[in-house]
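Novice: What follows is data.txt; its format and atoms are compact mmCIF, C-alpha atoms and all ligand atoms.
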```txt
# COMPACT_ATOMS: atom_id res chain seq x y z
CA MET Q 1 7.38 -28.61 57.31
CA ILE Q 2 8.13 -29.08 61.00
CA PHE Q 3 6.95 -25.60 62.06
CA ASP Q 4 3.48 -25.76 60.47
CA ASP Q 5 1.45 -24.78 63.50
CA GLU Q 6 3.79 -22.01 64.51
CA ILE Q 7 3.91 -20.09 61.24
CA ASN Q 8 1.75 -17.03 60.64
CA ASN Q 9 -1.43 -18.39 59.05
CA THR Q 10 -1.60 -15.90 56.21
CA VAL Q 11 1.94 -16.79 55.18
CA ARG Q 12 1.39 -20.48 55.69
CA TYR Q 13 -1.60 -20.62 53.36
CA LEU Q 14 -0.29 -18.11 50.84
CA LYS Q 15 -0.06 -19.78 47.41
CA PRO Q 16 3.54 -19.77 46.08
CA SER Q 17 3.98 -17.86 42.82
CA GLY Q 18 2.82 -19.97 39.86
CA ILE Q 19 5.70 -18.56 37.84
CA ARG Q 20 8.36 -19.70 40.29
CA LYS Q 21 6.86 -23.17 40.62
CA PHE Q 22 7.04 -23.59 36.88
CA PHE Q 23 10.54 -22.25 36.46
CA ASP Q 24 11.92 -24.44 39.21
CA LEU Q 25 10.73 -27.32 37.07
CA ALA Q 26 12.35 -25.82 33.94
CA ALA Q 27 15.64 -25.30 35.79
CA THR Q 28 16.03 -29.06 36.25
CA ARG Q 29 16.31 -29.58 32.46
CA LYS Q 30 19.07 -28.98 29.92
CA GLY Q 31 18.69 -27.00 26.66
CA VAL Q 32 15.50 -25.26 27.72
CA VAL Q 33 14.51 -22.12 25.82
CA SER Q 34 12.46 -19.86 28.04
CA LEU Q 35 10.22 -16.96 27.16
CA GLY Q 36 9.08 -16.85 30.72
CA VAL Q 37 10.67 -13.95 32.49
CA GLY Q 38 9.55 -10.32 32.36
CA GLU Q 39 12.94 -8.70 32.26
CA PRO Q 40 14.37 -6.63 29.39
CA ASP Q 41 17.38 -8.32 27.77
CA PHE Q 42 19.32 -5.06 27.22
CA ILE Q 43 22.29 -4.23 29.43
CA THR Q 44 21.62 -0.90 31.14
CA PRO Q 45 22.79 1.98 28.88
CA TRP Q 46 26.41 2.86 29.63
CA HIS Q 47 25.88 6.47 30.76
CA ILE Q 48 23.55 5.16 33.46
CA ARG Q 49 25.88 2.36 34.58
CA GLU Q 50 28.68 4.90 34.71
CA GLU Q 51 26.80 7.02 37.26
CA ALA Q 52 26.48 4.01 39.58
CA ILE Q 53 30.21 3.36 39.21
CA HIS Q 54 31.04 7.04 39.83
CA ALA Q 55 28.89 7.08 42.94
CA ILE Q 56 30.94 4.27 44.42
CA GLU Q 57 34.22 5.83 43.26
CA LYS Q 58 33.29 9.12 44.88
CA GLY Q 59 32.48 7.40 48.17
CA ARG Q 60 28.72 7.95 47.96
CA THR Q 61 28.26 4.83 49.99
CA PHE Q 62 26.08 6.08 52.86
CA TYR Q 63 22.36 5.97 53.52
CA THR Q 64 20.38 8.68 51.77
CA GLY Q 65 17.41 10.40 53.41
CA ASN Q 66 14.42 8.09 53.85
CA MET Q 67 12.48 9.60 50.97
CA GLY Q 68 15.45 9.17 48.64
CA LEU Q 69 17.88 11.70 47.15
CA TYR Q 70 16.22 15.05 46.56
CA ASP Q 71 17.72 15.27 43.06
CA LEU Q 72 16.18 11.93 42.17
CA ARG Q 73 12.75 12.91 43.49
CA LYS Q 74 13.04 16.15 41.54
CA GLU Q 75 13.89 14.27 38.33
CA ILE Q 76 11.05 11.79 38.89
CA CYS Q 77 8.57 14.67 39.30
CA ASN Q 78 10.01 16.44 36.22
CA TYR Q 79 9.65 13.21 34.30
CA TYR Q 80 5.98 12.77 35.27
CA LYS Q 81 5.26 16.36 34.26
CA ARG Q 82 7.19 16.12 31.02
CA ARG Q 83 5.94 12.71 29.82
CA PHE Q 84 2.44 12.45 31.29
CA GLY Q 85 1.46 16.01 32.23
CA VAL Q 86 0.99 15.30 35.96
CA SER Q 87 2.47 17.61 38.63
CA TYR Q 88 3.97 16.42 41.90
CA ASP Q 89 6.12 18.14 44.50
CA PRO Q 90 9.40 16.30 45.20
CA ASP Q 91 9.34 17.41 48.84
CA LYS Q 92 5.88 16.13 49.62
CA ASN Q 93 4.60 13.67 47.06
CA CYS Q 94 7.39 11.19 46.35
CA ILE Q 95 9.19 8.27 48.01
CA VAL Q 96 12.01 6.40 46.27
CA THR Q 97 11.56 2.68 46.93
CA VAL Q 98 13.36 -0.60 46.38
CA GLY Q 99 11.78 -1.31 43.01
CA GLY Q 100 8.11 -1.12 42.18
CA SER Q 101 7.86 -4.22 44.37
CA GLU Q 102 8.44 -2.36 47.63
CA ALA Q 103 6.14 0.40 46.44
CA ILE Q 104 3.27 -2.10 45.93
CA ASP Q 105 3.87 -3.52 49.40
CA ILE Q 106 3.97 -0.30 51.37
CA VAL Q 107 1.12 1.35 49.48
CA LEU Q 108 -1.20 -1.59 50.11
CA ARG Q 109 -0.14 -1.91 53.73
CA THR Q 110 -0.76 1.82 54.20
CA LEU Q 111 -4.29 1.65 52.77
CA ILE Q 112 -5.75 -1.67 53.82
CA LYS Q 113 -7.59 -2.20 57.07
CA GLU Q 114 -8.51 -5.74 58.14
CA GLY Q 115 -11.39 -6.94 55.94
CA ASP Q 116 -11.17 -4.17 53.33
CA GLU Q 117 -11.83 -5.28 49.78
CA VAL Q 118 -9.43 -4.49 46.98
CA ILE Q 119 -10.63 -4.87 43.41
CA LEU Q 120 -8.07 -6.67 41.31
CA PRO Q 121 -8.62 -6.90 37.56
CA THR Q 122 -7.20 -10.27 36.52
CA PRO Q 123 -5.18 -11.83 34.96
CA ALA Q 124 -2.78 -9.71 37.04
CA TYR Q 125 0.84 -9.50 38.06
CA VAL Q 126 1.34 -12.13 40.76
CA ALA Q 127 2.41 -9.88 43.63
CA TYR Q 128 -0.80 -7.90 44.10
CA ALA Q 129 -3.08 -10.65 45.43
CA ALA Q 130 -0.40 -11.95 47.78
CA ILE Q 131 0.33 -8.52 49.23
CA ILE Q 132 -3.37 -7.65 49.60
CA GLU Q 133 -3.79 -10.84 51.62
CA LEU Q 134 -0.68 -10.24 53.69
CA ALA Q 135 -2.02 -6.79 54.52
CA GLY Q 136 -5.29 -8.32 55.80
CA GLY Q 137 -7.38 -7.33 52.80
CA LYS Q 138 -9.71 -9.36 50.63
CA VAL Q 139 -9.07 -9.73 46.91
CA VAL Q 140 -12.10 -9.18 44.68
CA GLU Q 141 -11.16 -10.38 41.23
CA VAL Q 142 -12.65 -8.77 38.14
CA PRO Q 143 -11.98 -10.87 35.04
CA LEU Q 144 -10.64 -8.89 32.09
CA LYS Q 145 -11.77 -10.24 28.76
CA GLU Q 146 -10.00 -10.67 25.48
CA GLU Q 147 -13.03 -9.31 23.61
CA ASP Q 148 -12.64 -6.06 25.62
CA GLU Q 149 -8.93 -5.99 24.74
CA PHE Q 150 -8.23 -6.77 28.42
CA LYS Q 151 -9.44 -3.32 29.49
CA LEU Q 152 -11.31 -2.61 32.72
CA THR Q 153 -14.86 -1.75 31.68
CA PRO Q 154 -17.18 0.43 33.78
CA GLU Q 155 -19.74 -2.41 33.90
CA ALA Q 156 -17.23 -4.88 35.32
CA LEU Q 157 -15.94 -2.35 37.85
CA LYS Q 158 -19.44 -1.38 39.03
CA LYS Q 159 -20.34 -5.02 39.63
CA ALA Q 160 -17.34 -5.48 41.92
CA VAL Q 161 -17.85 -2.37 44.08
CA SER Q 162 -19.27 -2.89 47.58
CA ALA Q 163 -19.45 -0.88 50.79
CA LYS Q 164 -16.14 -2.49 51.77
CA THR Q 165 -14.20 -1.51 48.64
CA LYS Q 166 -11.06 0.39 49.59
CA ALA Q 167 -9.08 0.43 46.37
CA VAL Q 168 -8.72 -0.83 42.84
CA ILE Q 169 -5.44 -1.97 41.34
CA LEU Q 170 -4.78 -0.63 37.86
CA ASN Q 171 -1.87 -1.96 35.83
CA PHE Q 172 -1.98 -0.57 32.32
CA PRO Q 173 -0.07 -1.39 30.18
CA GLY Q 174 -0.56 -4.67 31.95
CA ASN Q 175 1.35 -7.74 32.87
CA PRO Q 176 0.49 -10.38 31.59
CA THR Q 177 -1.99 -9.21 28.91
CA GLY Q 178 -0.35 -6.10 27.44
CA GLY Q 179 -3.74 -4.34 27.74
CA ILE Q 180 -3.85 -0.55 28.00
CA MET Q 181 -6.37 2.11 29.09
CA THR Q 182 -6.71 5.27 27.01
CA HIS Q 183 -7.92 8.64 28.30
CA ASP Q 184 -11.33 7.74 26.95
CA ASP Q 185 -11.36 4.37 28.72
CA TYR Q 186 -10.41 6.00 32.02
CA SER Q 187 -13.01 8.73 31.69
CA LYS Q 188 -15.67 6.00 31.92
CA ILE Q 189 -14.38 4.56 35.19
CA VAL Q 190 -13.25 7.76 36.95
CA PRO Q 191 -16.82 8.81 37.92
CA ILE Q 192 -17.35 5.38 39.56
CA LEU Q 193 -14.15 5.76 41.60
CA LYS Q 194 -15.08 9.30 42.57
CA GLU Q 195 -18.61 8.48 43.57
CA ASN Q 196 -17.50 5.61 45.80
CA GLY Q 197 -14.34 7.21 47.23
CA ILE Q 198 -12.20 4.35 45.92
CA PHE Q 199 -8.41 4.71 45.85
CA ALA Q 200 -6.76 3.95 42.50
CA VAL Q 201 -3.42 2.22 42.93
CA THR Q 202 -1.95 2.56 39.47
CA ASP Q 203 1.16 0.56 38.64
CA GLU Q 204 2.57 2.33 35.58
CA ILE Q 205 5.82 0.42 35.33
CA TYR Q 206 5.19 -0.35 31.63
CA ALA Q 207 4.05 3.19 30.74
CA GLU Q 208 6.94 3.73 28.34
CA LEU Q 209 6.00 0.62 26.42
CA THR Q 210 2.74 1.93 24.97
CA TYR Q 211 2.89 1.18 21.26
CA GLU Q 212 0.06 3.13 19.70
CA GLY Q 213 -0.46 6.65 21.05
CA LYS Q 214 0.75 7.88 24.43
CA HIS Q 215 0.37 6.43 27.89
CA CYS Q 216 -2.39 8.06 29.93
CA SER Q 217 -1.92 8.23 33.70
CA ILE Q 218 -5.14 8.16 35.70
CA ALA Q 219 -3.41 10.70 37.97
CA SER Q 220 -4.08 13.24 35.22
CA PHE Q 221 -7.78 13.26 36.23
CA ASP Q 222 -7.79 16.15 38.72
CA GLU Q 223 -11.16 15.22 40.19
CA ILE Q 224 -9.72 12.04 41.76
CA LYS Q 225 -6.00 12.87 41.94
CA ASP Q 226 -5.95 12.93 45.77
CA ARG Q 227 -6.98 9.29 45.75
CA VAL Q 228 -4.62 8.15 43.01
CA ILE Q 229 -1.38 6.49 44.04
CA VAL Q 230 1.16 6.08 41.29
CA ILE Q 231 3.67 3.24 41.43
CA ASN Q 232 6.47 3.21 38.93
CA GLY Q 233 10.15 2.38 38.64
CA PHE Q 234 13.27 2.14 36.55
CA SER Q 235 13.39 -1.64 36.00
CA LYS Q 236 11.51 -1.92 32.73
CA ALA Q 237 11.81 1.45 30.96
CA TYR Q 238 15.60 1.70 31.33
CA SER Q 239 16.43 -2.00 31.70
CA MET Q 240 17.56 -1.53 35.31
CA THR Q 241 15.96 -4.52 37.06
CA GLY Q 242 18.98 -5.30 39.23
CA TYR Q 243 19.40 -1.76 40.55
CA ARG Q 244 16.13 -2.02 42.48
CA VAL Q 245 14.80 1.51 42.18
CA GLY Q 246 11.11 2.37 42.07
CA TYR Q 247 8.89 5.10 43.46
CA ILE Q 248 5.52 6.21 44.75
CA LEU Q 249 3.79 9.46 43.80
CA ALA Q 250 0.76 10.39 45.88
CA HIS Q 251 -1.00 12.94 48.07
CA LYS Q 252 1.28 14.22 50.84
CA ASP Q 253 -0.77 12.65 53.63
CA LEU Q 254 -0.54 9.22 52.07
CA ILE Q 255 3.17 9.69 51.45
CA ALA Q 256 3.67 10.61 55.13
CA MET Q 257 1.98 7.37 56.20
CA ALA Q 258 3.74 5.10 53.69
CA LEU Q 259 7.03 6.69 54.70
CA LYS Q 260 6.61 5.31 58.21
CA ILE Q 261 6.71 1.73 56.92
CA HIS Q 262 9.55 2.52 54.53
CA GLN Q 263 11.57 4.15 57.34
CA TYR Q 264 11.34 1.14 59.59
CA MET Q 265 11.67 -1.59 56.97
CA ILE Q 266 14.04 -0.24 54.37
CA MET Q 267 15.60 3.11 55.42
CA CYS Q 268 16.39 4.01 51.83
CA ALA Q 269 16.89 2.55 48.37
CA THR Q 270 20.47 1.62 47.45
CA THR Q 271 22.54 4.78 47.16
CA PRO Q 272 24.63 4.11 43.99
CA SER Q 273 21.44 2.90 42.27
CA GLN Q 274 19.72 6.18 43.12
CA TYR Q 275 22.54 8.09 41.41
CA ALA Q 276 22.18 5.87 38.34
CA ALA Q 277 18.42 6.53 38.37
CA ILE Q 278 18.97 10.31 38.38
CA GLU Q 279 20.93 9.95 35.16
CA ALA Q 280 18.23 7.69 33.67
CA ALA Q 281 15.38 10.09 34.45
CA LYS Q 282 17.38 13.11 33.29
CA ASN Q 283 19.06 11.83 30.14
CA GLY Q 284 17.44 8.50 29.34
CA ASP Q 285 14.67 9.47 26.93
CA ARG Q 286 16.71 8.35 23.91
CA ASP Q 287 17.44 4.96 25.46
CA ILE Q 288 13.76 4.45 26.06
CA GLU Q 289 13.11 5.25 22.41
CA GLU Q 290 15.68 2.71 21.15
CA MET Q 291 14.40 -0.10 23.34
CA PHE Q 292 10.84 0.82 22.41
CA ILE Q 293 11.56 0.39 18.70
CA SER Q 294 13.14 -2.99 19.31
CA PHE Q 295 10.26 -4.23 21.50
CA LYS Q 296 7.71 -3.06 18.98
CA GLN Q 297 9.44 -5.01 16.18
CA ARG Q 298 9.49 -8.11 18.35
CA ARG Q 299 5.83 -7.68 19.27
CA ASN Q 300 4.77 -7.38 15.64
CA TYR Q 301 6.85 -10.41 14.69
CA ILE Q 302 5.69 -12.68 17.49
CA VAL Q 303 1.99 -11.86 17.13
CA LYS Q 304 2.13 -12.51 13.39
CA GLU Q 305 3.98 -15.79 13.88
CA LEU Q 306 1.77 -17.06 16.70
CA ASN Q 307 -1.35 -16.47 14.65
CA ARG Q 308 0.31 -18.15 11.66
CA ILE Q 309 1.12 -21.33 13.61
CA GLY Q 310 -2.40 -21.55 15.02
CA LEU Q 311 -2.39 -19.81 18.39
CA LYS Q 312 -4.99 -17.08 18.32
CA THR Q 313 -3.23 -14.03 19.71
CA HIS Q 314 -4.64 -10.61 20.45
CA MET Q 315 -2.32 -7.72 19.47
CA PRO Q 316 -1.23 -6.21 22.81
CA GLN Q 317 -0.97 -2.43 22.92
CA GLY Q 318 1.68 -2.28 25.63
CA ALA Q 319 4.30 -3.96 27.87
CA PHE Q 320 6.38 -6.86 26.50
CA TYR Q 321 4.03 -9.81 26.83
CA VAL Q 322 1.62 -11.59 24.52
CA PHE Q 323 -1.23 -13.66 25.89
CA PRO Q 324 -2.34 -16.21 23.30
CA SER Q 325 -5.34 -18.48 23.69
CA ILE Q 326 -4.47 -22.18 23.73
CA ALA Q 327 -8.06 -23.27 23.01
CA ILE Q 328 -6.82 -25.20 19.96
CA SER Q 329 -5.07 -27.70 22.29
CA LYS Q 330 -8.20 -28.43 24.35
CA MET Q 331 -5.86 -28.61 27.37
CA GLY Q 332 -5.67 -26.70 30.62
CA CYS Q 333 -2.88 -24.13 30.59
CA GLU Q 334 -0.74 -25.94 33.18
CA GLU Q 335 -0.92 -29.20 31.31
CA PHE Q 336 -0.12 -27.35 28.07
CA CYS Q 337 2.98 -25.74 29.56
CA GLU Q 338 4.18 -28.93 31.24
CA LYS Q 339 3.80 -30.93 28.03
CA LEU Q 340 5.48 -28.18 25.99
CA LEU Q 341 8.42 -28.21 28.37
CA GLU Q 342 8.64 -31.98 28.34
CA GLU Q 343 8.31 -32.48 24.58
CA GLU Q 344 9.94 -29.35 23.16
CA ASN Q 345 12.08 -27.92 25.96
CA LEU Q 346 10.23 -24.62 25.75
CA ALA Q 347 9.17 -22.78 28.92
CA LEU Q 348 6.15 -20.44 28.91
CA VAL Q 349 4.02 -19.37 31.86
CA PRO Q 350 0.52 -20.86 32.32
CA GLY Q 351 -2.10 -18.10 32.25
CA ASN Q 352 -3.72 -19.22 35.51
CA ALA Q 353 -0.55 -18.18 37.39
CA PHE Q 354 -2.10 -14.69 37.07
CA GLY Q 355 -5.53 -15.61 38.42
CA ASP Q 356 -8.36 -17.91 37.35
CA ALA Q 357 -9.25 -15.56 34.49
CA GLY Q 358 -5.95 -16.54 32.84
CA GLU Q 359 -7.04 -20.17 32.34
CA GLY Q 360 -7.01 -21.06 28.65
CA TYR Q 361 -4.07 -18.75 27.92
CA VAL Q 362 -0.29 -18.72 28.26
CA ARG Q 363 1.97 -15.74 28.82
CA ILE Q 364 4.88 -15.28 26.47
CA SER Q 365 7.44 -12.61 27.22
CA TYR Q 366 9.18 -11.12 24.19
CA ALA Q 367 11.85 -9.40 26.24
CA TYR Q 368 14.22 -11.89 24.63
CA SER Q 369 16.49 -11.76 21.58
CA MET Q 370 14.95 -12.33 18.14
CA GLU Q 371 17.11 -15.43 17.89
CA GLN Q 372 15.51 -16.98 20.95
CA ILE Q 373 12.05 -15.88 19.88
CA LYS Q 374 12.56 -17.58 16.51
CA ILE Q 375 13.69 -20.86 18.13
CA ALA Q 376 10.71 -20.70 20.48
CA ILE Q 377 8.30 -20.25 17.55
CA GLU Q 378 9.85 -23.27 15.76
CA ARG Q 379 9.41 -25.43 18.86
CA LEU Q 380 5.89 -24.22 19.42
CA GLU Q 381 4.97 -24.85 15.79
CA HIS Q 382 6.28 -28.40 16.05
CA PHE Q 383 4.34 -28.93 19.29
CA LEU Q 384 1.08 -27.62 17.84
CA LYS Q 385 1.11 -30.04 14.87
CA GLN Q 386 -0.42 -32.75 17.06
CA PHE Q 387 -3.59 -30.65 17.51
CA LYS Q 388 -4.29 -30.07 13.82
N1 LIG S 1 4.77 -4.29 38.60
C1 LIG S 1 4.64 -5.09 37.54
C2 LIG S 1 3.36 -5.06 36.77
C3 LIG S 1 5.68 -5.94 37.15
O1 LIG S 1 5.53 -6.72 36.07
C4 LIG S 1 6.87 -5.95 37.90
C5 LIG S 1 8.04 -6.85 37.55
N2 LIG S 1 7.78 -7.99 36.88
C6 LIG S 1 6.96 -5.10 39.01
C7 LIG S 1 5.89 -4.28 39.32
C8 LIG S 1 8.15 -5.05 39.91
O2 LIG S 1 9.25 -4.53 39.32
P1 LIG S 1 10.48 -3.95 40.13
O3 LIG S 1 10.34 -4.33 41.55
O4 LIG S 1 11.69 -4.54 39.49
O5 LIG S 1 10.41 -2.46 39.94
```
When written as structure tokens, how does the structure in this file appear?
Specialist:
Amino acid sequence: MIFDDEINNTVRYLKPSGIRKFFDLAATRKGVVSLGVGEPDFITPWHIREEAIHAIEKGRTFYTGNMGLYDLRKEICNYYKRRFGVSYDPDKNCIVTVGGSEAIDIVLRTLIKEGDEVILPTPAYVAYAAIIELAGGKVVEVPLKEEDEFKLTPEALKKAVSAKTKAVILNFPGNPTGGIMTHDDYSKIVPILKENGIFAVTDEIYAELTYEGKHCSIASFDEIKDRVIVINGFSKAYSMTGYRVGYILAHKDLIAMALKIHQYMIMCATTPSQYAAIEAAKNGDRDIEEMFISFKQRRNYIVKELNRIGLKTHMPQGAFYVFPSIAISKMGCEEFCEKLLEEENLALVPGNAFGDAGEGYVRISYAYSMEQIKIAIERLEHFLKQFK
């Protein structure tokens, strides 16, 4: 790198995503089967695609208002009321963003002052730690444990709180563990957040993939709602990753601040995609149901098979990932994944890509066809024979 000394130091020393690093390696090989990527394999339902096409046909090719189309904000708020029982005002409490990704970025940049601590339960989705650091914050990792079903316990949270704590990141159902938090689980941590004035940044992008019971949003706890910031989006629930539509729901004063960044950086989310998202939020409940059934079948299959071939796997209650222990191999997770790729042409993600707490595990995404999942299990079974 010839510009080393001239590059912003935070960027320069930022660790590249452990997922990318691994998949660059996989891309150099032929015949690789990958269960690495967290992207639903369904093509977006036709009635939703059609709305994007219509928008272009009708010449809806201009910027929208900065907050996003009013009709979309209205549908998003209706959806939160209808599905999770939480009320928001489309005029004051909602910004449409470029995916959940932009939402994570502008929310954290809005909240974090230099030196603030942000509690991050790990293993966690790779973007949070990087964005906290880019915003000048300090990541305080709280390891989630398999024996707690990868839930955030009040004891673990309490231990991590300090006078500098600004926020906690909550991602339930979670990537990469599939862990969830029920109403009961949240009621144990809400008093701690309230007492310490901690903001809850809750990324609910996998809310619709909650397999037993219903998703609980922490925003439904009125006593802390002002300090809850909901991040969500259309990528996972409706299989709309490429449209790039997400959103933030929060107190009006936080929305007004986050909007300043969004205005300067982004202007607005893509217009035809916003029209497609209106259709999804309005008429997409049945699509969600169909994909849900398919994901649940895959989850049940893959967990049963992994346990059968010798990888101890906790039954995840949400999202579309399983997080098996690779203790049987007595290897580190990176070595395990490299060897698996080399010997069997199978690409999985090492658990430590999601934080140190992920060491000893691998992440397997089951957002792939049953055919691919079956081939992957065969390859994995063959690979594991050497450890028996
Ligand atoms: N949050 C989590 C937990 C994710 O897993 C992802 C995608 N992998 C995102 C946010 C970002 O999704 P998008 O930007 O497509 O909405």
Novice: Report, in Å to a single decimal, how far apart atom CA of Arg308 of chain Q and atom CA of Leu340 of chain Q are.
Specialist: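 Distance reported for this atom pair: 18.2 Å.
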Novice: Report as a tab-separated table the residues of chain Q within 7 Å of ligand LIG 1 (chain S), each with its shortest atom pair and distance in Å (one decimal), using only C-alpha atoms and all ligand atoms, ordered by chain and increasing residue number.
Specialist:
```
residue	atom	partner	partner_atom	distance
Q:Gly38	CA	S:LIG1	N2	5.4
Q:Glu39	CA	S:LIG1	N2	7.0
Q:Val98	CA	S:LIG1	O3	6.8
Q:Gly99	CA	S:LIG1	O5	3.6
Q:Gly100	CA	S:LIG1	O5	3.5
Q:Ser101	CA	S:LIG1	O3	3.8
Q:Glu102	CA	S:LIG1	O3	6.7
Q:Tyr125	CA	S:LIG1	C2	5.3
Q:Asn171	CA	S:LIG1	C2	6.2
Q:Gly174	CA	S:LIG1	C2	6.2
Q:Asn175	CA	S:LIG1	C2	5.1
Q:Asp203	CA	S:LIG1	N1	6.0
Q:Ile205	CA	S:LIG1	N1	5.8
Q:Asn232	CA	S:LIG1	O5	7.0
Q:Gly233	CA	S:LIG1	O5	5.0
Q:Phe234	CA	S:LIG1	O5	6.4
Q:Ser235	CA	S:LIG1	O4	4.8
Q:Thr241	CA	S:LIG1	O4	4.9
Q:Arg244	CA	S:LIG1	O4	5.9
Q:Val245	CA	S:LIG1	O5	6.3
Q:Gly246	CA	S:LIG1	O5	5.3
```
Novice: Using only C-alpha atoms, which residues sit within 7 Å of segment 349-357 of chain Q once same-chain residues fewer than 5 positions away are excluded, as a compact mmCIF listing (two decimals) with C-alpha atoms, in the coordinates of the input?
Specialist:
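The resulting file, around37.txt, is reproduced below:
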```txt
# COMPACT_ATOMS: atom_id res chain seq x y z
CA GLY Q 18 2.82 -19.97 39.86
CA ILE Q 19 5.70 -18.56 37.84
CA GLY Q 36 9.08 -16.85 30.72
CA THR Q 122 -7.20 -10.27 36.52
CA PRO Q 123 -5.18 -11.83 34.96
CA ALA Q 124 -2.78 -9.71 37.04
CA TYR Q 125 0.84 -9.50 38.06
CA VAL Q 126 1.34 -12.13 40.76
CA PRO Q 143 -11.98 -10.87 35.04
CA CYS Q 333 -2.88 -24.13 30.59
CA GLU Q 334 -0.74 -25.94 33.18
CA CYS Q 337 2.98 -25.74 29.56
CA VAL Q 362 -0.29 -18.72 28.26
CA ARG Q 363 1.97 -15.74 28.82
CA ILE Q 364 4.88 -15.28 26.47
```
Novice: Point out the residue among Q:Lys225, Q:Lys388, Q:His47, Q:Lys158 with the least atom-to-atom distance to Ser87 of chain Q, counting all atoms listed in the file.
Specialist: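 So, comparing all the options, the nearest one is Q:Lys225.
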Novice: Closest to Ser273 of chain Q among Q:Phe221, Q:Tyr243, Q:Tyr79, Q:Phe292, using only C-alpha atoms?
Specialist: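 Of Q:Phe221, Q:Tyr243, Q:Tyr79, Q:Phe292, the one nearest Ser273 of chain Q is Q:Tyr243, counting only C-alpha atoms.
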Novice: Give me the residues near segment 192-195 of chain Q as a ChimeraX atom specification, where near means some atom within 12 Å (using all atoms listed in the file) and where sequence neighbours in that chain fewer than 2 positions away do not count.
Specialist: /Q:119,153-163,165-170,186-190,197-201,218,221-228
Novice: Contacts of Tyr301 of chain Q at 10 Å or less, counting all atoms listed in the file, minus same-chain residues fewer than 3 places along, as a list in words?
Specialist: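 In the requested format, the answer is Phe295, Lys296, Gln297, Arg298, Lys304, Glu305, Leu306, Tyr366, Met370, Ile373 and Lys374 of chain Q.
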Novice: What is the atom CA of Lys252 of chain Q to atom CA of Gly136 of chain Q distance in Å?
Specialist: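 Those two atoms sit 24.0 Å apart.
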Novice: Counting all atoms listed in the file, which residue out of Q:Ala277, Q:Ala129, Q:Val140, Q:Ala219 sits closest to Pro45 of chain Q?
Specialist: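 Residue with the minimum atom-to-atom distance to Pro45 of chain Q: Q:Ala277.
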Novice: Which residue gives the smallest distance to Val118 of chain Q among Q:Lys164, Q:Arg82, Q:Lys74, Q:Lys385, with all atoms listed in the file counted?
Specialist: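 Using all atoms listed in the file, the shortest distance to Val118 of chain Q belongs to Q:Lys164.
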